[in-house]
Amino acid sequence: MTHELWVILGAQRKISIASVEQRLGYELSEEDRLALPLFPDMAAFNEVKSLGELRQLLQTDYLHLRRANVTCTLQKVVSEAECHSERTGDILAVTAMRFRYTTGTRAVREGCGKIIVAELLDHSTTQDVDVYAKNIPEFAAKLDEKLGFLMAPYARAFMGILVDKEQDAKRGNDPSSRIRHNGAGAGTCGTYGYCGANVPIPCYTCLHFQPWLDGPHEKVYQNLLNDRKRLFEITKDEAVTAALDRTIIAVAQVILRCQARSEELARQEGK
């Protein structure tokens with residue numbers, strides 16, 4: 001767990017304790033506080049009539065937030081943040097159950113055994129654990145330049161729009177919107193909102209990015225391949241280095257689109 005997530009969950013714990021104690025009308029012992037749900041169903045606490053009844057219910061899942069409520073909250077967040085599916089381009093279809101499957105799948109990818117996965121998901125047995133390992137793609141031993149270009153036509157990692165030149169881009173007349181790589185202009189950011197991303201690498205998977213036709217995309221691509229190789233040499237963990245794969249494919253898509261556009265312009269000039 002990252003430090004940032006730990007801080008967020010710690011804040012959520014304090015909010016949950018304060019909300020429950022306010023609803024009950026009395027303070028709880030530290031032991032009872034430790035047993036409280038991290039995400040409580042406040043409506044369920046209205047039915048608690050005594051401390052003894054509370055302690056009995058804390059032994060069950062009854063006081064936890066319902067799955068439907070979690071799904072509703074997640075869908076609202078995804079909609080507000082405009083999170084789009086890489087496959088369809090539409091707003092991401094997300095449910096509470098989807099995150100549970102993600103947890104199980106990632107655990108299997110990391111090499112965890114059935115008992116560990118079952119414990120992570122609070123299963124009483126290991127008989128249902130295999131479902132999380134059914135459709136896991138095999139990790140490639142090495143992602144080289146050819147593989148990135150072979151996968152590019154089949155993935156939708158790049159969500160932006162290619163422009164011939166800076167003036168054709170949205171906000172193209174705004175110098176502050178320029179995205180640079182080692183001092184050379186690579187594209188334009190089309191959003192007016194604040195972004196703290198370490199440009200230009202995350203830009204290639206952002207739907208607001210407008211790469212220029214003459215941008216240094218090949219250099220970005222090669223740098224990413226070098227970073228991937230360096231990470232693997234350090235960590236010896238393919239799951240860690242695979243974090244760069246989506247961006248590598250996105251840059252490859254941009255390069256292919258630039259090549260296609262350049263050929264199109266050449267044909268137009270020849271007419």
# chains A, B, ... in the order shown; residues from 1 in each chain; ligands from 1
>>> residues_around(residues="A:His217", least_positions_apart="3", cutoff="12 Å", atoms="only C-alpha atoms", output="number ranges by chain")
A: 162, 179-182, 184-187, 200-201, 203-204, 211-214, 220-224, 247-259
>>> residues_around(residues="stretch 21-24 of chain A", least_positions_apart="2", cutoff="8 Å", atoms="only C-alpha atoms", output="NGL selection string")
:A and (17-19 or 26-28 or 42 or 45-46 or 48)
>>> write_last_selection(atoms="C-alpha atoms", output="PDB file, in the first residue's frame")
ATOM      1  CA  ILE A  17     -15.808   6.578  13.564  1.00  0.00           C
ATOM      2  CA  ALA A  18     -17.069  10.141  14.023  1.00  0.00           C
ATOM      3  CA  SER A  19     -20.167   9.517  11.888  1.00  0.00           C
ATOM      4  CA  TYR A  26     -22.128   7.845  22.513  1.00  0.00           C
ATOM      5  CA  GLU A  27     -18.396   7.214  22.190  1.00  0.00           C
ATOM      6  CA  LEU A  28     -17.064   3.752  21.483  1.00  0.00           C
ATOM      7  CA  MET A  42     -25.289   4.634   8.231  1.00  0.00           C
ATOM      8  CA  PHE A  45     -26.909   1.930  12.440  1.00  0.00           C
ATOM      9  CA  ASN A  46     -30.377   3.433  12.993  1.00  0.00           C
ATOM     10  CA  VAL A  48     -28.925  -0.514  16.666  1.00  0.00           C
TER      11      VAL A  48
END
>>> closest_residue(among="A:Asp90, A:Glu110, A:Leu225, A:Asp41", to="A:Asn69", atoms="only C-alpha atoms")
A:Asp41
>>> select_by_dssp(residues="stretch 1-201 of chain A", states="helix (DSSP H, G or I)", output="PyMOL selection string")
chain A and resi 3-24+30-35+42-45+51-57+67-81+96-109+114-120+129-133+145-154+166-168+175-177+201
>>> residues_around(residues="A:Ser124", least_positions_apart="6", cutoff="12 Å", atoms="only C-alpha atoms", output="short mmCIF file (atom, residue, chain, number, x, y, z; two decimals) with C-alpha atoms, in the first residue's frame")
data_model
loop_
_atom_site.label_atom_id
_atom_site.label_comp_id
_atom_site.auth_asym_id
_atom_site.auth_seq_id
_atom_site.Cartn_x
_atom_site.Cartn_y
_atom_site.Cartn_z
CA LYS A 114 -4.68 -20.10 -4.24
CA ILE A 115 -4.66 -19.88 -0.45
CA ILE A 116 -3.30 -16.32 -0.50
CA VAL A 117 -5.81 -15.20 -3.14
CA ALA A 118 -8.67 -16.77 -1.20
#
>>> select_by_dssp(residues="stretch 185-251 of chain A", states="strand (DSSP E)", output="ChimeraX atom specification")
/A:185-189,209-211
>>> write_last_selection(atoms="C-alpha atoms", output="mmCIF file, in the first residue's frame")
data_model
loop_
_atom_site.group_PDB
_atom_site.id
_atom_site.type_symbol
_atom_site.label_atom_id
_atom_site.label_comp_id
_atom_site.auth_asym_id
_atom_site.auth_seq_id
_atom_site.Cartn_x
_atom_site.Cartn_y
_atom_site.Cartn_z
ATOM 1 C CA GLY A 185 7.740 20.525 -29.310
ATOM 2 C CA ALA A 186 5.814 17.235 -29.369
ATOM 3 C CA GLY A 187 2.209 18.397 -29.272
ATOM 4 C CA THR A 188 -0.480 20.543 -27.693
ATOM 5 C CA CYS A 189 -2.624 20.040 -24.594
ATOM 6 C CA PHE A 209 -3.244 15.375 -26.241
ATOM 7 C CA GLN A 210 -2.786 16.615 -29.826
ATOM 8 C CA PRO A 211 0.586 15.381 -31.129
#
>>> atom_distance(atom1="atom CA of A:Cys112", atom2="atom CA of A:Asp130")
11.9 Å
>>> closest_residue(among="A:Ala96, A:Ala11, A:Cys195, A:Val78", to="A:Arg66", atoms="only C-alpha atoms")
A:Ala96
>>> residues_around(residues="A:Glu82", least_positions_apart="2", cutoff="12 Å", atoms="only C-alpha atoms", output="list in words")
Leu74, Gln75, Lys76, Val77, Val78, Ser79, Glu80, His84, Ser85, Gly89, Asp90, Ile91, Leu92, Ala93, Cys206, Leu207 and His208 of chain A
